[in-house]
Structures are given as structure tokens and as C-alpha cells.
file my_file-v9.pdb (PDB, C-alpha atoms)
ATOM      1  CA  MET D   1      14.943  -0.503  41.616
ATOM      2  CA  ASN D   2      17.001  -3.264  43.297
ATOM      3  CA  SER D   3      17.666  -6.590  41.590
ATOM      4  CA  PHE D   4      15.141  -8.549  43.614
ATOM      5  CA  GLU D   5      12.296  -6.144  42.918
ATOM      6  CA  TYR D   6      13.288  -5.999  39.277
ATOM      7  CA  ALA D   7      13.309  -9.807  38.984
ATOM      8  CA  LEU D   8       9.830  -9.968  40.526
ATOM      9  CA  LEU D   9       8.531  -7.288  38.164
ATOM     10  CA  ILE D  10       9.939  -8.949  35.055
ATOM     11  CA  LEU D  11       8.791 -12.408  36.107
ATOM     12  CA  GLY D  12       5.277 -11.138  36.774
ATOM     13  CA  MET D  13       5.051  -9.133  33.588
ATOM     14  CA  ALA D  14       6.490 -11.970  31.504
ATOM     15  CA  LEU D  15       3.973 -14.470  32.933
ATOM     16  CA  VAL D  16       0.859 -12.331  32.510
ATOM     17  CA  THR D  17       1.966 -11.499  28.973
ATOM     18  CA  TYR D  18       2.958 -15.025  27.940
ATOM     19  CA  ILE D  19       0.008 -16.949  29.380
ATOM     20  CA  PRO D  20      -2.719 -15.246  27.296
ATOM     21  CA  ARG D  21      -0.524 -15.697  24.220
ATOM     22  CA  MET D  22       0.222 -19.338  24.917
ATOM     23  CA  LEU D  23      -3.101 -20.752  26.175
ATOM     24  CA  PRO D  24      -5.013 -20.618  22.864
ATOM     25  CA  SER D  25      -2.158 -22.338  21.037
ATOM     26  CA  ILE D  26      -2.373 -25.457  23.182
ATOM     27  CA  ILE D  27      -6.135 -25.723  23.624
ATOM     28  CA  ILE D  28      -7.303 -24.842  20.136
ATOM     29  CA  ASP D  29      -6.637 -28.314  18.685
ATOM     30  CA  LYS D  30      -8.946 -29.821  21.265
ATOM     31  CA  MET D  31     -11.800 -27.561  20.277
ATOM     32  CA  ARG D  32     -14.378 -28.064  17.574
ATOM     33  CA  PHE D  33     -15.851 -24.882  16.171
ATOM     34  CA  GLY D  34     -19.213 -24.589  14.494
ATOM     35  CA  ALA D  35     -19.567 -22.665  11.231
ATOM     36  CA  LYS D  36     -20.719 -19.505  13.042
ATOM     37  CA  THR D  37     -17.819 -19.533  15.490
ATOM     38  CA  GLU D  38     -15.357 -20.121  12.696
ATOM     39  CA  LYS D  39     -16.776 -17.159  10.806
ATOM     40  CA  PHE D  40     -16.559 -15.088  13.982
ATOM     41  CA  LEU D  41     -12.870 -15.981  14.330
ATOM     42  CA  ARG D  42     -12.240 -15.119  10.693
ATOM     43  CA  LEU D  43     -13.882 -11.719  11.105
ATOM     44  CA  ILE D  44     -11.856 -10.769  14.173
ATOM     45  CA  PRO D  45      -8.683  -9.859  12.245
ATOM     46  CA  TYR D  46     -10.600  -7.217  10.276
ATOM     47  CA  THR D  47     -12.331  -5.687  13.271
ATOM     48  CA  ALA D  48      -9.219  -5.918  15.494
ATOM     49  CA  ILE D  49      -6.955  -4.276  12.921
ATOM     50  CA  SER D  50      -9.518  -1.515  12.415
ATOM     51  CA  ALA D  51      -9.623  -0.953  16.179
ATOM     52  CA  LEU D  52      -5.815  -0.907  16.303
ATOM     53  CA  VAL D  53      -5.796   1.935  13.768
ATOM     54  CA  PHE D  54      -8.754   4.037  14.954
ATOM     55  CA  PRO D  55      -8.741   6.277  16.876
ATOM     56  CA  GLY D  56      -4.995   5.864  17.601
ATOM     57  CA  VAL D  57      -3.876   7.109  14.191
ATOM     58  CA  PHE D  58      -5.301  10.578  14.931
ATOM     59  CA  PHE D  59      -2.893  10.903  17.855
ATOM     60  CA  VAL D  60       0.365   9.867  16.181
ATOM     61  CA  ASP D  61       1.388  13.463  16.786
ATOM     62  CA  GLY D  62      -0.543  14.715  19.804
ATOM     63  CA  ALA D  63      -0.242  18.308  18.642
ATOM     64  CA  ASN D  64      -1.172  17.782  15.004
ATOM     65  CA  PRO D  65      -3.823  15.256  13.917
ATOM     66  CA  TYR D  66      -3.037  15.953  10.241
ATOM     67  CA  ILE D  67       0.215  14.010  10.584
ATOM     68  CA  GLY D  68      -1.656  10.789  11.300
ATOM     69  CA  ILE D  69      -4.441  11.558   8.831
ATOM     70  CA  ALA D  70      -2.033  12.271   5.953
ATOM     71  CA  GLY D  71      -0.034   9.118   6.737
ATOM     72  CA  ALA D  72      -3.203   7.034   6.885
ATOM     73  CA  ILE D  73      -4.557   8.383   3.603
ATOM     74  CA  THR D  74      -1.214   7.767   1.894
ATOM     75  CA  ALA D  75      -1.000   4.185   3.135
ATOM     76  CA  GLY D  76      -4.656   3.564   2.318
ATOM     77  CA  ALA D  77      -4.360   4.907  -1.219
ATOM     78  CA  LEU D  78      -1.290   2.806  -2.029
ATOM     79  CA  ALA D  79      -2.861  -0.284  -0.490
ATOM     80  CA  TRP D  80      -5.957   0.358  -2.602
ATOM     81  CA  LEU D  81      -3.665   0.301  -5.647
ATOM     82  CA  ARG D  82      -2.372  -3.062  -4.410
ATOM     83  CA  LEU D  83       1.136  -1.871  -3.662
ATOM     84  CA  PRO D  84       3.078  -4.023  -1.199
ATOM     85  CA  VAL D  85       2.736  -3.266   2.513
ATOM     86  CA  ILE D  86       6.332  -2.087   2.772
ATOM     87  CA  ALA D  87       5.613   0.570   0.110
ATOM     88  CA  CYS D  88       2.598   1.785   2.112
ATOM     89  CA  VAL D  89       4.761   2.092   5.224
ATOM     90  CA  LEU D  90       7.645   3.874   3.492
ATOM     91  CA  ALA D  91       5.350   6.292   1.645
ATOM     92  CA  ALA D  92       3.418   7.209   4.800
ATOM     93  CA  VAL D  93       6.684   7.883   6.627
ATOM     94  CA  ALA D  94       7.970   9.941   3.681
ATOM     95  CA  VAL D  95       4.800  12.067   3.568
ATOM     96  CA  ASN D  96       5.063  12.787   7.294
ATOM     97  CA  PHE D  97       8.730  13.632   6.867
ATOM     98  CA  LEU D  98       7.801  16.169   4.174
ATOM     99  CA  GLN D  99       5.084  17.614   6.421
ATOM    100  CA  TYR D 100       7.544  18.083   9.271
ATOM    101  CA  THR D 101      10.115  19.576   6.941
ATOM    102  CA  PHE D 102       7.981  22.031   4.989
ATOM    103  CA  LEU D 103       4.801  22.752   6.975
TER     104      LEU D 103
ATOM    105  CA  MET E   1       7.669 -31.981   8.343
ATOM    106  CA  GLN E   2      10.430 -31.632   5.788
ATOM    107  CA  GLY E   3      13.489 -29.669   6.804
ATOM    108  CA  SER E   4      13.873 -27.737   3.549
ATOM    109  CA  ASN E   5      10.203 -26.740   3.564
ATOM    110  CA  PHE E   6      10.482 -25.517   7.110
ATOM    111  CA  LYS E   7      13.508 -23.428   6.254
ATOM    112  CA  ALA E   8      11.915 -21.861   3.172
ATOM    113  CA  GLU E   9       8.728 -21.017   5.079
ATOM    114  CA  PHE E  10      10.750 -19.659   7.983
ATOM    115  CA  ILE E  11      12.665 -17.339   5.662
ATOM    116  CA  SER E  12       9.542 -16.090   3.873
ATOM    117  CA  GLY E  13       8.066 -15.408   7.316
ATOM    118  CA  MET E  14      11.112 -13.339   8.208
ATOM    119  CA  ARG E  15      10.720 -11.407   4.958
ATOM    120  CA  ALA E  16       7.058 -10.743   5.688
ATOM    121  CA  GLY E  17       8.139  -9.212   9.007
ATOM    122  CA  ILE E  18      10.371  -6.591   7.411
ATOM    123  CA  PRO E  19       7.735  -3.795   7.215
ATOM    124  CA  VAL E  20       7.341  -4.013  10.990
ATOM    125  CA  VAL E  21      11.057  -3.437  11.602
ATOM    126  CA  LEU E  22      10.681   0.183  10.547
ATOM    127  CA  GLY E  23       8.104   0.683  13.264
ATOM    128  CA  PHE E  24       9.670  -1.429  16.004
ATOM    129  CA  VAL E  25      13.200  -0.033  16.002
ATOM    130  CA  PRO E  26      12.226   3.593  16.761
ATOM    131  CA  ILE E  27       9.624   2.561  19.355
ATOM    132  CA  GLY E  28      12.210   0.261  20.947
ATOM    133  CA  ILE E  29      14.597   3.202  21.113
ATOM    134  CA  ALA E  30      11.882   5.420  22.633
ATOM    135  CA  PHE E  31      11.072   2.773  25.240
ATOM    136  CA  ALA E  32      14.731   2.357  26.192
ATOM    137  CA  ILE E  33      15.224   6.100  26.574
ATOM    138  CA  MET E  34      12.179   6.251  28.865
ATOM    139  CA  ALA E  35      13.435   3.319  30.908
ATOM    140  CA  ARG E  36      16.937   4.751  31.317
ATOM    141  CA  GLN E  37      15.498   8.104  32.377
ATOM    142  CA  ALA E  38      13.306   6.312  34.929
ATOM    143  CA  GLY E  39      16.489   4.864  36.460
ATOM    144  CA  PHE E  40      16.706   1.360  35.001
ATOM    145  CA  THR E  41      20.193   0.096  34.082
ATOM    146  CA  VAL E  42      21.112  -0.852  30.510
ATOM    147  CA  ALA E  43      20.757  -4.563  31.345
ATOM    148  CA  GLN E  44      17.425  -4.046  33.103
ATOM    149  CA  THR E  45      16.110  -2.024  30.174
ATOM    150  CA  CYS E  46      17.051  -4.790  27.724
ATOM    151  CA  GLY E  47      15.567  -7.382  30.090
ATOM    152  CA  PHE E  48      12.089  -5.951  29.581
ATOM    153  CA  SER E  49      12.275  -6.459  25.827
ATOM    154  CA  ILE E  50      13.940  -9.875  26.058
ATOM    155  CA  PHE E  51      11.502 -11.425  28.531
ATOM    156  CA  VAL E  52       8.258  -9.508  28.111
ATOM    157  CA  PHE E  53       8.266  -8.457  24.424
ATOM    158  CA  ALA E  54       5.198  -6.223  24.607
ATOM    159  CA  GLY E  55       5.749  -2.622  23.600
ATOM    160  CA  ALA E  56       2.754  -0.868  25.096
ATOM    161  CA  SER E  57       3.009  -2.696  28.440
ATOM    162  CA  GLN E  58       6.715  -2.002  28.735
ATOM    163  CA  MET E  59       6.172   1.725  28.211
ATOM    164  CA  MET E  60       3.298   1.689  30.661
ATOM    165  CA  ALA E  61       5.349  -0.231  33.252
ATOM    166  CA  VAL E  62       8.196   2.260  33.120
ATOM    167  CA  GLY E  63       5.780   5.191  33.323
ATOM    168  CA  MET E  64       3.951   3.686  36.305
ATOM    169  CA  TYR E  65       7.229   2.917  38.079
ATOM    170  CA  GLU E  66       8.301   6.522  37.692
ATOM    171  CA  GLN E  67       5.069   7.638  39.329
ATOM    172  CA  GLY E  68       5.728   5.297  42.258
ATOM    173  CA  ALA E  69       3.249   2.504  41.455
ATOM    174  CA  SER E  70       3.659  -0.847  43.240
ATOM    175  CA  ILE E  71       4.984  -3.930  41.431
ATOM    176  CA  ILE E  72       1.606  -5.658  41.822
ATOM    177  CA  ALA E  73      -0.205  -2.718  40.232
ATOM    178  CA  ILE E  74       2.175  -2.737  37.269
ATOM    179  CA  ILE E  75       1.759  -6.492  36.746
ATOM    180  CA  LEU E  76      -2.029  -6.233  36.964
ATOM    181  CA  THR E  77      -2.119  -3.419  34.425
ATOM    182  CA  THR E  78       0.145  -5.451  32.129
ATOM    183  CA  PHE E  79      -2.306  -8.329  32.348
ATOM    184  CA  ILE E  80      -5.258  -6.104  31.447
ATOM    185  CA  LEU E  81      -3.334  -4.478  28.615
ATOM    186  CA  ASN E  82      -2.267  -7.817  27.126
ATOM    187  CA  PHE E  83      -5.530  -9.664  27.564
ATOM    188  CA  ARG E  84      -6.351  -8.918  23.919
ATOM    189  CA  HIS E  85      -3.610 -11.337  22.922
ATOM    190  CA  LEU E  86      -5.820 -14.178  24.111
ATOM    191  CA  ILE E  87      -8.175 -13.337  21.250
ATOM    192  CA  MET E  88      -5.403 -12.632  18.740
ATOM    193  CA  SER E  89      -3.542 -15.836  19.567
ATOM    194  CA  THR E  90      -6.751 -17.836  19.064
ATOM    195  CA  CYS E  91      -7.094 -16.428  15.539
ATOM    196  CA  VAL E  92      -3.420 -17.046  14.773
ATOM    197  CA  PHE E  93      -3.341 -20.661  15.913
ATOM    198  CA  GLU E  94      -6.706 -21.466  14.383
ATOM    199  CA  ARG E  95      -4.925 -21.059  11.035
ATOM    200  CA  ILE E  96      -2.047 -23.393  11.797
ATOM    201  CA  LYS E  97      -2.797 -26.941  10.821
ATOM    202  CA  GLN E  98       0.375 -28.778  11.764
ATOM    203  CA  SER E  99       2.729 -28.110  14.651
ATOM    204  CA  THR E 100       4.322 -29.712  17.681
ATOM    205  CA  LEU E 101       3.759 -28.630  21.282
ATOM    206  CA  LYS E 102       7.306 -27.271  21.574
ATOM    207  CA  GLN E 103       6.849 -25.172  18.436
ATOM    208  CA  LYS E 104       3.595 -23.767  19.765
ATOM    209  CA  LEU E 105       5.084 -22.895  23.146
ATOM    210  CA  LEU E 106       7.879 -21.038  21.401
ATOM    211  CA  ALA E 107       5.850 -19.410  18.613
ATOM    212  CA  SER E 108       3.077 -18.180  20.920
ATOM    213  CA  PHE E 109       5.629 -16.035  22.797
ATOM    214  CA  GLY E 110       5.818 -13.896  19.678
ATOM    215  CA  VAL E 111       2.126 -13.110  19.255
ATOM    216  CA  THR E 112       1.872  -9.318  19.107
ATOM    217  CA  ASP E 113      -0.612  -6.902  17.520
ATOM    218  CA  GLU E 114       1.691  -6.719  14.515
ATOM    219  CA  SER E 115       2.403 -10.425  14.005
ATOM    220  CA  PHE E 116      -1.318 -11.111  14.464
ATOM    221  CA  ALA E 117      -2.185  -8.555  11.786
ATOM    222  CA  LEU E 118       0.450  -9.845   9.366
ATOM    223  CA  PHE E 119      -0.344 -13.498   9.898
ATOM    224  CA  THR E 120      -4.136 -13.412   9.817
ATOM    225  CA  THR E 121      -4.248 -11.354   6.607
ATOM    226  CA  GLU E 122      -1.802 -13.709   4.878
ATOM    227  CA  LYS E 123      -2.985 -16.309   2.359
ATOM    228  CA  GLU E 124      -4.226 -19.331   4.253
ATOM    229  CA  GLU E 125      -1.837 -21.806   2.631
ATOM    230  CA  ARG E 126       1.183 -19.795   3.726
ATOM    231  CA  CYS E 127       0.142 -19.845   7.358
ATOM    232  CA  THR E 128       2.455 -22.480   8.775
ATOM    233  CA  ILE E 129       4.190 -22.621  12.122
ATOM    234  CA  ALA E 130       7.553 -22.087  10.387
ATOM    235  CA  TYR E 131       6.276 -18.920   8.702
ATOM    236  CA  LEU E 132       5.023 -17.611  12.051
ATOM    237  CA  MET E 133       8.309 -18.401  13.762
ATOM    238  CA  GLY E 134      10.312 -16.642  11.062
ATOM    239  CA  MET E 135       8.085 -13.601  11.347
ATOM    240  CA  ASN E 136       8.435 -13.640  15.135
ATOM    241  CA  LEU E 137      12.209 -13.772  14.902
ATOM    242  CA  ALA E 138      12.281 -10.702  12.638
ATOM    243  CA  LEU E 139       9.996  -8.744  14.968
ATOM    244  CA  TYR E 140      11.754  -9.883  18.145
ATOM    245  CA  THR E 141      15.144  -8.978  16.728
ATOM    246  CA  ALA E 142      13.948  -5.519  15.640
ATOM    247  CA  TRP E 143      12.338  -4.799  19.006
ATOM    248  CA  ASN E 144      15.420  -5.886  20.949
ATOM    249  CA  ALA E 145      17.827  -4.114  18.601
ATOM    250  CA  GLY E 146      15.839  -0.899  19.044
ATOM    251  CA  THR E 147      15.845  -1.333  22.815
ATOM    252  CA  PHE E 148      19.584  -1.978  22.912
ATOM    253  CA  ILE E 149      20.377   1.012  20.697
ATOM    254  CA  GLY E 150      18.204   3.290  22.813
ATOM    255  CA  ALA E 151      19.654   1.938  26.060
ATOM    256  CA  ILE E 152      23.265   2.645  25.175
ATOM    257  CA  ALA E 153      23.094   5.537  22.730
ATOM    258  CA  SER E 154      19.894   7.316  23.735
ATOM    259  CA  ASP E 155      18.795  10.162  21.510
ATOM    260  CA  PHE E 156      20.894  10.010  18.386
ATOM    261  CA  LEU E 157      18.140   9.985  15.766
ATOM    262  CA  PRO E 158      17.061  13.474  14.710
ATOM    263  CA  VAL E 159      13.661  14.356  16.183
ATOM    264  CA  ILE E 160      12.174  14.757  12.722
ATOM    265  CA  ILE E 161      13.055  11.157  11.763
ATOM    266  CA  THR E 162      11.643   9.687  14.970
ATOM    267  CA  ALA E 163       8.477  11.747  14.563
ATOM    268  CA  SER E 164       8.048  10.670  10.933
ATOM    269  CA  LEU E 165       8.452   6.997  11.848
ATOM    270  CA  GLY E 166       5.622   7.267  14.370
ATOM    271  CA  VAL E 167       3.070   6.486  11.684
ATOM    272  CA  ALA E 168       4.849   3.328  10.460
ATOM    273  CA  LEU E 169       2.820   0.717  12.334
ATOM    274  CA  TYR E 170      -0.489   2.414  11.551
ATOM    275  CA  ALA E 171       0.501   2.429   7.865
ATOM    276  CA  LEU E 172       1.305  -1.256   8.194
ATOM    277  CA  PHE E 173      -2.130  -2.058   9.617
ATOM    278  CA  ILE E 174      -3.845   0.008   6.928
ATOM    279  CA  GLY E 175      -1.734  -1.636   4.227
ATOM    280  CA  LEU E 176      -2.837  -5.056   5.469
ATOM    281  CA  LEU E 177      -6.481  -4.151   5.901
ATOM    282  CA  VAL E 178      -7.378  -2.220   2.752
ATOM    283  CA  PRO E 179      -6.746  -4.918   0.085
ATOM    284  CA  ASN E 180      -9.087  -7.195   2.020
ATOM    285  CA  ILE E 181     -12.003  -4.817   2.117
ATOM    286  CA  THR E 182     -11.930  -3.257  -1.355
ATOM    287  CA  LYS E 183     -13.735  -6.204  -2.902
ATOM    288  CA  ASN E 184     -16.192  -6.788  -0.114
ATOM    289  CA  PHE E 185     -18.412  -3.762   0.520
ATOM    290  CA  ARG E 186     -20.139  -5.165   3.582
ATOM    291  CA  LEU E 187     -16.839  -6.130   5.172
ATOM    292  CA  GLY E 188     -15.663  -2.574   4.476
ATOM    293  CA  LEU E 189     -18.744  -1.232   6.262
ATOM    294  CA  LEU E 190     -18.023  -3.522   9.207
ATOM    295  CA  VAL E 191     -14.471  -2.157   9.406
ATOM    296  CA  VAL E 192     -15.811   1.415   9.394
ATOM    297  CA  LEU E 193     -18.358   0.487  12.060
ATOM    298  CA  THR E 194     -15.542  -0.957  14.206
ATOM    299  CA  ALA E 195     -13.487   2.212  13.789
ATOM    300  CA  ILE E 196     -16.413   4.377  14.923
ATOM    301  CA  CYS E 197     -17.307   1.995  17.733
ATOM    302  CA  ASN E 198     -13.741   1.959  19.089
ATOM    303  CA  THR E 199     -13.390   5.735  18.776
ATOM    304  CA  VAL E 200     -16.595   6.284  20.762
ATOM    305  CA  LEU E 201     -15.875   3.597  23.377
ATOM    306  CA  SER E 202     -12.367   4.989  23.944
ATOM    307  CA  GLN E 203     -14.020   8.094  25.388
ATOM    308  CA  PHE E 204     -15.700   6.067  28.101
ATOM    309  CA  MET E 205     -13.269   3.280  29.006
ATOM    310  CA  PRO E 206      -9.529   2.495  28.927
ATOM    311  CA  ALA E 207      -8.301   2.013  25.353
ATOM    312  CA  SER E 208      -7.286  -1.618  25.972
ATOM    313  CA  TRP E 209     -10.866  -2.531  26.958
ATOM    314  CA  ALA E 210     -12.424  -0.481  24.181
ATOM    315  CA  LEU E 211     -10.329  -2.421  21.661
ATOM    316  CA  ILE E 212     -11.472  -5.795  22.993
ATOM    317  CA  VAL E 213     -15.143  -4.807  23.192
ATOM    318  CA  SER E 214     -15.339  -3.217  19.746
ATOM    319  CA  THR E 215     -13.371  -6.088  18.147
ATOM    320  CA  LEU E 216     -15.654  -8.781  19.572
ATOM    321  CA  VAL E 217     -18.972  -6.976  19.259
ATOM    322  CA  CYS E 218     -18.370  -5.918  15.657
ATOM    323  CA  ALA E 219     -17.085  -9.365  14.627
ATOM    324  CA  PHE E 220     -20.257 -10.784  16.151
ATOM    325  CA  ILE E 221     -22.376  -8.352  14.130
ATOM    326  CA  GLY E 222     -20.390  -9.443  11.062
ATOM    327  CA  ILE E 223     -21.497 -13.065  11.461
ATOM    328  CA  PHE E 224     -24.987 -12.011  10.372
ATOM    329  CA  THR E 225     -24.174  -9.189   7.969
ATOM    330  CA  VAL E 226     -21.007 -10.081   6.073
ATOM    331  CA  ASP E 227     -20.385 -12.781   3.509
ATOM    332  CA  LEU E 228     -16.799 -14.007   3.680
ATOM    333  CA  GLU E 229     -16.924 -16.484   0.811
ATOM    334  CA  GLY E 230     -14.593 -15.236  -1.881
ATOM    335  CA  ASN E 231     -12.413 -13.531   0.707
ATOM    336  CA  LYS E 232     -10.836 -16.858   1.462
ATOM    337  CA  GLU E 233      -8.018 -16.558  -1.005
ATOM    338  CA  GLU E 234      -8.359 -12.816  -1.416
ATOM    339  CA  CYS E 235      -5.774 -11.766   1.100
ATOM    340  CA  ALA E 236      -3.011  -9.222   1.338
ATOM    341  CA  ASP E 237      -0.679  -9.311  -1.600
ATOM    342  CA  GLU E 238       3.031  -9.869  -1.251
TER     343      GLU E 238
END

call {"tool": "encode", "arguments": {"input": "my_file-v9.pdb", "output": "C-alpha cells"}}
result
Amino acid sequence: MNSFEYALLILGMALVTYIPRMLPSIIIDKMRFGAKTEKFLRLIPYTAISALVFPGVFFVDGANPYIGIAGAITAGALAWLRLPVIACVLAAVAVNFLQYTFL
Amino acid sequence: MQGSNFKAEFISGMRAGIPVVLGFVPIGIAFAIMARQAGFTVAQTCGFSIFVFAGASQMMAVGMYEQGASIIAIILTTFILNFRHLIMSTCVFERIKQSTLKQKLLASFGVTDESFALFTTEKEERCTIAYLMGMNLALYTAWNAGTFIGAIASDFLPVIITASLGVALYALFIGLLVPNITKNFRLGLLVVLTAICNTVLSQFMPASWALIVSTLVCAFIGIFTVDLEGNKEECADE
């Protein structure tokens, strides 16, 4: 790809990525939300994070769904026990490492 | 805003971003290897991560380019893929009470799936613009470091390490989500409903649309079925 084409591509991608990120930050102060809308906005993190995990986690390893499932169960169990997020991440990675090594 | 406060919040934001580093560095490396193989130079490869800062779109762009897609098609797909950030950014900035325009313009550049998840599950009183900016810096640095390493060194990590790290970001999301739903049964049900909804919808439409639809529809259902009182201060632990 020549420099001109590359510059166009990056400029375009940067703009269409930045604008949806930036717009809410500057207009949100000017908006008044009702109680229902506010509740809706507070629920979105839970539903969005759930959608970010499922079904993607089953395909962490395209050939072996048990990799993702074992990692998810490990992270979920430690989070249930109120361990810090970093511990959940490290433990899930460690379990997958053991799976790859021994199974 | 006091300078010392800003600095302390900024640093705790950076700390909160650490779990993401483990996920971002290997994906950054994977992206850079893909980009180099597709024929992009080292500088061009790094340029994607510096100016766009969106993992999934960058991978998609490189893949499409390799298959001969036009620049317009790549940009349009990037837009569709990143449209979800409009919703995520709304939730992030709804939590920030005090900030200047310049801070917002800078901080909004760093809204990603991961910073959104970290920030919106954090205790409300910690959600300041400084905290967000610190978190963004940690994530941006990790993503660009990964890209740079992959662009110059390519495949030096053993396959087994890279494969094991693939679960890191999913574990992060689960680690953020679970503490919030263990004490609220109906919220837990809503999360399960969303997971099923997104899994089913993904069979019928592109994943980026399925995510937006299931997120919004299920949050809407939650307005009438879930009680959030009590969850206010009950957020992810340190």
C-alpha cells in the first residue's frame, strides 16, 4: 500500500472510530435523563459485558471449546470468591496453560 | 480541580488498567504479525495502533486489505464495528461529574470495550476524568507496546503462551461482572438472558450488530424487571 492510500485509510479509520467515542462525551452534559433512562444506562454495562463474553469465550480456541469454558469457570469462581480481577485473569491463563501442556 | 488529587486518581486509574495489559500485549503482537504479513511496513503497522486504537477493527482492516477490499469498504466496516462505542462512551461519561472539554476530547479517544467494562463497574465515587485518563494511558501503552514488539520481532513468544493468554480479556470481563451479580438474583438472570440472546442473534447477524441489539434490548427489559438499588455501591472490588 502506498503512503497516500495508507494515509487515507488511517485517517478514515481514525475518524469513524473517534467520532462515536467522542460525541457522547460532549453532548451528555446538555442532556437531562429521566429515572427510567438513567436506569437503562446503568444496566447497559451488565448486559454489554455479558454480550462481550458470550458467545465469544467458547471460541477462544477455535478447535477446542473447553479452553474457553475452563478459563471462564476459573475466572468466574475466583470472582465469586471476591478475588481481585487480576487474580481471575492470571488463574484463567494458568489453567489454560496447564490444559495445553498436559491435555 | 486540585493537582495532587488529579495525580493520585490518575495513578489509581493506571493501576486499575493493569489486568488488561496481559490481554492487550499478546493481541497487539498478533495484530502486528498479521499486518506485517499483509505487507504493511513497521511504521505503518504501528500507525494503526497509534491513531486508531481499536483492536478488532485493526485486525479486520488488515484482513480485508489482504483480500483486496477497497479503502472505503474497510472504513465503512470499521464504522459499523465501532458503533457500539457510542453506547459505551455514553455510559462512561454519564458517570463523570466534573471535567473540561479538552479532557473529554482526550479521554474519549481511549474508550474501548475494556476501559468501558473497567470504568462502569468501578465504585461511582472513583469515576473521575483523571481515573479514566490514567486507565486509558495504561491500556494505550500496552496496546502500542504489543504492536511495536510484534512489528519488529514477530513470533518470539512460544505458541503455548500466546494461546494461553487468549482467554485473558474474557477472564477480565467475567472478573468484573460476577461480583456485581452475586447479590442481585434478577440482575444475574438478566445477564444470563443477554448471554443467550447474543449467542442466538450471532447466528443470524454479524457479531458487532448482535452485541448492540442484545445489549440494548436486554437493558431495556431490565428497566422493568431488575431492582438496582443496593447495587449502587456494590461494585467490583479492588

call {"tool": "interface_residues", "arguments": {"input": "my_file-v9.pdb", "of": "chain D", "to": "chain E", "cutoff": "7 Å", "atoms": "all atoms listed in the file", "output": "PyMOL selection string"}}
result
chain D and resi 9-10+12-14+16-18+20-22+24-25+28+36+39-41+43-51+53-55+57+60+68+71-72+75-76+79-80+82+84-86+88-89+92-93+96-97+100

call {"tool": "resolve_selection", "arguments": {"input": "my_file-v9.pdb", "expression": "the PyMOL selection byres ((chain E and resi 144) around 8)", "output": "list of chain:residue names"}}
result
E:Val25, E:Gly28, E:Cys46, E:Ser49, E:Ile50, E:Tyr140, E:Thr141, E:Ala142, E:Trp143, E:Ala145, E:Gly146, E:Thr147, E:Phe148

call {"tool": "atom_distance", "arguments": {"input": "my_file-v9.pdb", "atom1": "CA of Ile27 (chain E)", "atom2": "CA of Met60 (chain E)"}}
result
13.0 Å

call {"tool": "atom_distance", "arguments": {"input": "my_file-v9.pdb", "atom1": "CA of Phe185 (chain E)", "atom2": "CA of Ile73 (chain D)"}}
result
18.7 Å

call {"tool": "residues_around", "arguments": {"input": "my_file-v9.pdb", "residues": "Ser12 (chain E)", "least_positions_apart": "6", "cutoff": "9 Å", "atoms": "all atoms listed in the file", "output": "number ranges by chain"}}
result
E: 131, 134-135

call {"tool": "write_last_selection", "arguments": {"input": "my_file-v9.pdb", "atoms": "C-alpha atoms", "output": "PDB file, in the frame of the given file"}}
result
ATOM      1  CA  TYR E 131       6.276 -18.920   8.702  1.00  0.00           C
ATOM      2  CA  GLY E 134      10.312 -16.642  11.062  1.00  0.00           C
ATOM      3  CA  MET E 135       8.085 -13.601  11.347  1.00  0.00           C
TER       4      MET E 135
END
